[in-house]
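Visitor: Just one file: final_4.tsv, with TSV, C-alpha atoms.
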```
chain	number	residue	atom	x	y	z
E	1	MET	CA	69.12	39.15	108.19
E	2	PHE	CA	70.61	40.52	111.42
E	3	ARG	CA	70.42	43.96	112.99
E	4	GLY	CA	73.93	43.72	114.37
E	5	PRO	CA	76.80	41.46	115.40
E	6	MET	CA	75.33	40.54	118.78
E	7	GLU	CA	72.09	39.36	117.22
E	8	CYS	CA	74.10	37.33	114.74
E	9	ALA	CA	76.20	35.80	117.57
E	10	ARG	CA	73.08	34.89	119.55
E	11	TYR	CA	71.56	33.24	116.49
E	12	ILE	CA	74.72	31.23	115.85
E	13	CYS	CA	74.94	30.10	119.48
E	14	ARG	CA	71.27	29.16	119.48
E	15	THR	CA	71.38	27.20	116.20
E	16	GLU	CA	74.93	25.77	116.18
E	17	GLY	CA	76.13	26.09	119.75
E	18	PRO	CA	79.10	28.15	120.92
E	19	HIS	CA	81.46	26.25	118.61
E	20	GLY	CA	79.56	27.80	115.68
E	21	LEU	CA	81.30	31.09	116.49
E	22	TYR	CA	84.56	29.45	115.38
E	23	LYS	CA	83.25	28.09	112.08
E	24	GLY	CA	86.03	28.38	109.52
E	25	ALA	CA	88.81	28.84	112.09
E	26	GLY	CA	90.80	25.92	110.67
E	27	LEU	CA	90.64	27.36	107.19
E	28	THR	CA	91.63	30.76	108.54
E	29	LEU	CA	94.86	29.18	109.82
E	30	CYS	CA	95.38	27.47	106.46
E	31	ARG	CA	95.07	30.90	104.87
E	32	ASP	CA	97.08	32.97	107.32
E	33	ILE	CA	100.15	30.79	107.89
E	34	PRO	CA	101.33	30.65	104.26
E	35	CYS	CA	100.02	34.18	103.64
E	36	PHE	CA	102.31	35.71	106.25
E	37	GLY	CA	105.24	33.66	104.94
E	38	VAL	CA	104.70	35.03	101.43
E	39	TYR	CA	104.17	38.49	102.91
E	40	GLY	CA	107.43	38.68	104.84
E	41	LEU	CA	109.54	36.91	102.24
E	42	THR	CA	108.32	39.12	99.40
E	43	TYR	CA	109.00	42.29	101.38
E	44	MET	CA	112.47	41.18	102.41
E	45	LEU	CA	113.43	40.12	98.89
E	46	ILE	CA	112.18	43.21	97.08
E	47	SER	CA	113.16	45.80	99.65
E	48	GLY	CA	116.49	44.14	100.34
E	49	GLN	CA	117.44	43.82	96.68
E	50	MET	CA	116.48	47.41	95.93
E	51	LYS	CA	118.58	48.70	98.83
E	52	GLU	CA	121.49	46.40	98.02
E	53	ARG	CA	121.59	47.52	94.38
E	54	GLY	CA	121.11	51.20	95.22
E	55	TRP	CA	117.77	51.46	93.41
E	56	CYS	CA	116.27	53.76	96.03
E	57	ASP	CA	116.90	56.87	98.07
E	58	SER	CA	119.45	56.96	100.90
E	59	ARG	CA	116.87	56.13	103.57
E	60	GLY	CA	115.28	53.27	101.64
E	61	ILE	CA	111.82	54.83	101.64
E	62	VAL	CA	111.10	53.91	98.02
E	63	ALA	CA	112.29	50.33	98.60
E	64	ASP	CA	110.11	50.00	101.70
E	65	LEU	CA	107.07	51.39	99.88
E	66	LEU	CA	107.47	49.18	96.83
E	67	GLY	CA	108.49	46.10	98.81
E	68	GLY	CA	105.59	46.52	101.23
E	69	GLY	CA	103.04	47.14	98.52
E	70	LEU	CA	104.11	44.18	96.41
E	71	ALA	CA	104.30	41.99	99.51
E	72	GLY	CA	100.66	42.73	100.28
E	73	VAL	CA	99.59	41.99	96.72
E	74	ALA	CA	101.60	38.74	96.54
E	75	ALA	CA	100.28	37.58	99.91
E	76	TRP	CA	96.63	38.16	98.99
E	77	LEU	CA	96.90	36.65	95.52
E	78	SER	CA	98.53	33.55	96.99
E	79	VAL	CA	95.58	32.86	99.29
E	80	MET	CA	92.58	34.33	97.47
E	81	PRO	CA	90.98	30.93	96.69
E	82	VAL	CA	91.29	29.82	100.32
E	83	ASP	CA	89.87	33.13	101.53
E	84	VAL	CA	86.88	32.86	99.19
E	85	VAL	CA	86.09	29.34	100.40
E	86	LYS	CA	86.54	30.40	104.05
E	87	SER	CA	84.24	33.40	103.66
E	88	ARG	CA	81.55	31.44	101.81
E	89	TYR	CA	81.71	28.62	104.35
E	90	GLN	CA	81.47	31.00	107.29
E	91	ALA	CA	78.53	32.87	105.77
E	92	ASP	CA	76.62	29.65	105.02
E	93	TYR	CA	73.89	29.95	107.64
E	94	ARG	CA	71.54	27.74	105.57
E	95	GLY	CA	73.83	24.72	105.77
E	96	GLU	CA	74.38	24.35	102.02
E	97	PHE	CA	77.98	23.22	102.47
E	98	SER	CA	78.99	20.09	104.37
E	99	GLY	CA	82.61	21.28	104.72
E	100	TYR	CA	85.45	23.23	103.15
E	101	VAL	CA	86.02	20.88	100.22
E	102	ASN	CA	82.32	20.69	99.47
E	103	CYS	CA	82.14	24.49	99.54
E	104	ALA	CA	85.08	24.79	97.13
E	105	LEU	CA	83.68	22.18	94.74
E	106	GLN	CA	80.16	23.64	94.71
E	107	SER	CA	81.52	27.14	94.17
E	108	TYR	CA	83.68	25.93	91.28
E	109	ARG	CA	80.86	23.94	89.66
E	110	GLU	CA	78.40	26.81	89.86
E	111	GLU	CA	80.69	29.74	88.96
E	112	GLY	CA	83.90	28.34	87.52
E	113	LEU	CA	87.50	29.15	88.39
E	114	ARG	CA	86.88	32.90	88.29
E	115	VAL	CA	84.88	32.70	91.52
E	116	PHE	CA	88.13	32.27	93.45
E	117	TYR	CA	89.61	35.53	92.15
E	118	ARG	CA	86.54	37.77	91.93
E	119	GLY	CA	87.37	41.16	93.38
E	120	SER	CA	91.12	40.65	93.05
E	121	MET	CA	91.75	44.04	91.48
E	122	ALA	CA	90.09	45.89	94.36
E	123	ILE	CA	91.91	43.75	96.91
E	124	CYS	CA	95.26	44.32	95.18
E	125	LEU	CA	94.75	48.10	95.01
E	126	ARG	CA	93.79	48.30	98.67
E	127	SER	CA	96.51	45.89	99.70
E	128	PHE	CA	99.26	47.65	97.77
E	129	SER	CA	98.52	51.07	99.20
E	130	SER	CA	97.95	50.02	102.81
E	131	ASN	CA	100.89	47.61	102.99
E	132	ALA	CA	103.24	50.03	101.25
E	133	VAL	CA	102.59	52.64	103.95
E	134	GLU	CA	102.64	50.10	106.79
E	135	PHE	CA	106.02	48.63	105.84
E	136	MET	CA	107.55	52.01	105.11
E	137	VAL	CA	106.45	53.46	108.45
E	138	TYR	CA	107.60	50.35	110.31
E	139	ALA	CA	111.00	50.23	108.60
E	140	GLN	CA	111.62	53.95	109.00
E	141	LEU	CA	110.63	53.91	112.68
E	142	MET	CA	112.91	50.93	113.29
E	143	ARG	CA	115.75	52.77	111.58
E	144	TYR	CA	115.01	55.91	113.57
E	145	PHE	CA	114.93	54.15	116.94
E	146	GLN	CA	117.99	52.02	116.20
E	147	GLY	CA	119.86	55.24	115.45
E	148	SER	CA	119.14	56.63	118.97
E	149	GLY	CA	116.34	58.92	117.82
E	150	HIS	CA	117.96	60.38	114.73
E	151	TYR	CA	118.43	59.25	111.19
E	152	SER	CA	121.89	58.13	110.32
E	153	GLU	CA	123.04	58.34	106.72
E	154	ASP	CA	124.39	54.88	105.87
```
Show this structure as structure tokens.
Guide:
Amino acid sequence: MFRGPMECARYICRTEGPHGLYKGAGLTLCRDIPCFGVYGLTYMLISGQMKERGWCDSRGIVADLLGGGLAGVAAWLSVMPVDVVKSRYQADYRGEFSGYVNCALQSYREEGLRVFYRGSMAICLRSFSSNAVEFMVYAQLMRYFQGSGHYSED
């Protein structure tokens, strides 16, 4: 429908006003706040327990990879339904939905409960791999810099 993001933004401003650019912002907060809580807590629990019990290498790389990957998966699975509703509501340029709840109910009535988890496998695969690397790199860099630029064997 649009040739690019600027054309889309102009259309939204013309038809809905500037506030239309923030459509779904409230639901984004409802998704992100608990998501990041689940994210951090899952990482800390898994990585911390693995390191505490000695179920990883001396630098904790395996624990950081597994903890980070599972944290990403847990975070996304915990908010998938909210993300689906947010995305559908934001993309509703025809005005089919009167609000978030109406969007969720219509989606459920038309496609059932599965609509809220469609694409979960792809999201989990992407999330596991990217978050595993992100957490591992972060944790290892923090360890490196806290050790004055060299790894210390704990």
Visitor: Within 9 Å of (101.6, 42.3, 96.3) (coordinates as in the file), grab all the protein and nucleic acid residues, counting all atoms listed in the file, and write them out as a list in words.
Guide: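 The residues near that point, listed by chain and number, are Tyr39, Thr42, Tyr43, Gly67, Gly68, Gly69, Leu70, Ala71, Gly72, Val73, Ala74, Ala75, Trp76, Leu77, Cys124, Ser127, Phe128 and Asn131 of chain E.
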Visitor: To one decimal in Å, tell me the separation between atom CA of Tyr93 of chain E and atom CA of Ser78 of chain E.
Guide: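 Between these atoms lies a distance of 27.1 Å.
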Visitor: How many Å lie between atom CA of Asn102 of chain E and atom CA of Gly24 of chain E, rounded to one decimal?
Guide: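 Distance between the two atoms: 13.2 Å.
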Visitor: Taking into account only C-alpha atoms, which residue in the set E:Ala63, E:Val84, E:Leu27, E:Leu113 is nearest to Val133 of chain E?
Guide: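 Checking each of E:Ala63, E:Val84, E:Leu27, E:Leu113 against Val133 of chain E, counting only C-alpha atoms, the winner is E:Ala63.
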Visitor: Between E:Arg114, E:Arg109, E:Arg31, E:Arg59, which has the minimum distance to Lys86 of chain E (counting only C-alpha atoms)?
Guide: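 So, comparing all the options, the nearest one is E:Arg31.
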Visitor: Choose the residue, out of E:Ile33, E:Met80, E:Met1, E:Leu66, that has the smallest atom-to-atom separation from Arg118 of chain E; count only C-alpha atoms.
Guide: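 Residue with the minimum atom-to-atom distance to Arg118 of chain E: E:Met80.
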Visitor: For a test of reading the model, state the distance in Å between atom CA of Glu134 of chain E and atom CA of Met121 of chain E, rounded to one decimal.
Guide: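 Computed distance, atom CA of Glu134 of chain E to atom CA of Met121 of chain E, equals 19.7 Å.
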Visitor: Would you please work out which residue, of E:Arg94, E:Gly48, E:Pro81, E:Arg3, is nearest to Glu16 of chain E when using only C-alpha atoms?
Guide: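 When distances to Glu16 of chain E are compared using only C-alpha atoms, the smallest one comes from E:Arg94.
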Visitor: Considering all atoms listed in the file, state which residue in the set E:Ala91, E:Ala122, E:Cys35, E:Ile61 is at the smallest distance from Lys23 of chain E.
Guide: E:Ala91
Visitor: Using the file's own x, y and z axes, what box holds all listed atoms of segment 134-142 of chain E with 4 Å on each side, keeping edges along x, y and z, and what are its centre and edge lengths in Å to one decimal, as AutoDock Vina command-line options?
Guide:
```
--center_x 107.8 --center_y 51.3 --center_z 109.2 --size_x 18.3 --size_y 13.3 --size_z 16.2
```
Visitor: Got a sec: who's within 12 Å of Phe2 of chain E, counting only C-alpha atoms, leaving out chain neighbours fewer than 3 positions off, as a list in words?
Guide: Pro5, Met6, Glu7, Cys8, Ala9, Arg10, Tyr11, Ile12 and Tyr93 of chain E
Visitor: Restricting the calculation to only C-alpha atoms: of E:Asp64, E:Val82, E:Ser107, E:Phe36, which residue gets closest to Gln49 of chain E?
Guide: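 Of E:Asp64, E:Val82, E:Ser107, E:Phe36, the one nearest Gln49 of chain E, counting only C-alpha atoms, is E:Asp64.
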Visitor: Add whatever atoms are absent from segment 53-72 of chain E to reach N, CA and C atoms, and provide the output as a PDB file, in the coordinates of the input.
Guide:
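This went into out_38.pdb:
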```pdb
ATOM      1  N   ARG E  53     121.161  47.079  95.717  1.00  0.00           N
ATOM      2  CA  ARG E  53     121.590  47.520  94.380  1.00  0.00           C
ATOM      3  C   ARG E  53     121.576  49.051  94.230  1.00  0.00           C
ATOM      4  N   GLY E  54     121.128  49.736  95.266  1.00  0.00           N
ATOM      5  CA  GLY E  54     121.110  51.200  95.220  1.00  0.00           C
ATOM      6  C   GLY E  54     119.985  51.761  94.357  1.00  0.00           C
ATOM      7  N   TRP E  55     118.892  51.019  94.241  1.00  0.00           N
ATOM      8  CA  TRP E  55     117.770  51.460  93.410  1.00  0.00           C
ATOM      9  C   TRP E  55     116.748  52.253  94.219  1.00  0.00           C
ATOM     10  N   CYS E  56     117.202  52.981  95.205  1.00  0.00           N
ATOM     11  CA  CYS E  56     116.270  53.760  96.030  1.00  0.00           C
ATOM     12  C   CYS E  56     117.021  54.932  96.643  1.00  0.00           C
ATOM     13  N   ASP E  57     116.313  55.719  97.388  1.00  0.00           N
ATOM     14  CA  ASP E  57     116.900  56.870  98.070  1.00  0.00           C
ATOM     15  C   ASP E  57     117.779  56.405  99.229  1.00  0.00           C
ATOM     16  N   SER E  58     118.491  57.316  99.841  1.00  0.00           N
ATOM     17  CA  SER E  58     119.450  56.960 100.900  1.00  0.00           C
ATOM     18  C   SER E  58     118.792  56.367 102.142  1.00  0.00           C
ATOM     19  N   ARG E  59     117.558  56.670 102.395  1.00  0.00           N
ATOM     20  CA  ARG E  59     116.870  56.130 103.570  1.00  0.00           C
ATOM     21  C   ARG E  59     116.072  54.861 103.264  1.00  0.00           C
ATOM     22  N   GLY E  60     115.988  54.497 102.005  1.00  0.00           N
ATOM     23  CA  GLY E  60     115.280  53.270 101.640  1.00  0.00           C
ATOM     24  C   GLY E  60     113.774  53.398 101.623  1.00  0.00           C
ATOM     25  N   ILE E  61     113.266  54.618 101.598  1.00  0.00           N
ATOM     26  CA  ILE E  61     111.820  54.830 101.640  1.00  0.00           C
ATOM     27  C   ILE E  61     111.134  54.219 100.417  1.00  0.00           C
ATOM     28  N   VAL E  62     111.699  54.444  99.242  1.00  0.00           N
ATOM     29  CA  VAL E  62     111.100  53.910  98.020  1.00  0.00           C
ATOM     30  C   VAL E  62     111.106  52.379  98.052  1.00  0.00           C
ATOM     31  N   ALA E  63     112.195  51.791  98.507  1.00  0.00           N
ATOM     32  CA  ALA E  63     112.290  50.330  98.600  1.00  0.00           C
ATOM     33  C   ALA E  63     111.264  49.774  99.577  1.00  0.00           C
ATOM     34  N   ASP E  64     111.087  50.457 100.709  1.00  0.00           N
ATOM     35  CA  ASP E  64     110.110  50.000 101.700  1.00  0.00           C
ATOM     36  C   ASP E  64     108.687  50.126 101.170  1.00  0.00           C
ATOM     37  N   LEU E  65     108.408  51.212 100.467  1.00  0.00           N
ATOM     38  CA  LEU E  65     107.070  51.390  99.880  1.00  0.00           C
ATOM     39  C   LEU E  65     106.778  50.321  98.829  1.00  0.00           C
ATOM     40  N   LEU E  66     107.695  50.148  97.896  1.00  0.00           N
ATOM     41  CA  LEU E  66     107.470  49.180  96.830  1.00  0.00           C
ATOM     42  C   LEU E  66     107.483  47.749  97.363  1.00  0.00           C
ATOM     43  N   GLY E  67     108.428  47.447  98.226  1.00  0.00           N
ATOM     44  CA  GLY E  67     108.490  46.100  98.810  1.00  0.00           C
ATOM     45  C   GLY E  67     107.248  45.780  99.622  1.00  0.00           C
ATOM     46  N   GLY E  68     106.795  46.733 100.427  1.00  0.00           N
ATOM     47  CA  GLY E  68     105.590  46.520 101.230  1.00  0.00           C
ATOM     48  C   GLY E  68     104.345  46.360 100.386  1.00  0.00           C
ATOM     49  N   GLY E  69     104.209  47.219  99.389  1.00  0.00           N
ATOM     50  CA  GLY E  69     103.040  47.140  98.520  1.00  0.00           C
ATOM     51  C   GLY E  69     102.975  45.833  97.758  1.00  0.00           C
ATOM     52  N   LEU E  70     104.081  45.442  97.166  1.00  0.00           N
ATOM     53  CA  LEU E  70     104.110  44.180  96.410  1.00  0.00           C
ATOM     54  C   LEU E  70     103.977  42.973  97.330  1.00  0.00           C
ATOM     55  N   ALA E  71     104.465  43.080  98.546  1.00  0.00           N
ATOM     56  CA  ALA E  71     104.300  41.990  99.510  1.00  0.00           C
ATOM     57  C   ALA E  71     102.827  41.772  99.829  1.00  0.00           C
ATOM     58  N   GLY E  72     102.092  42.851 100.020  1.00  0.00           N
ATOM     59  CA  GLY E  72     100.660  42.730 100.280  1.00  0.00           C
ATOM     60  C   GLY E  72      99.913  42.105  99.126  1.00  0.00           C
TER      61      GLY E  72
END
```
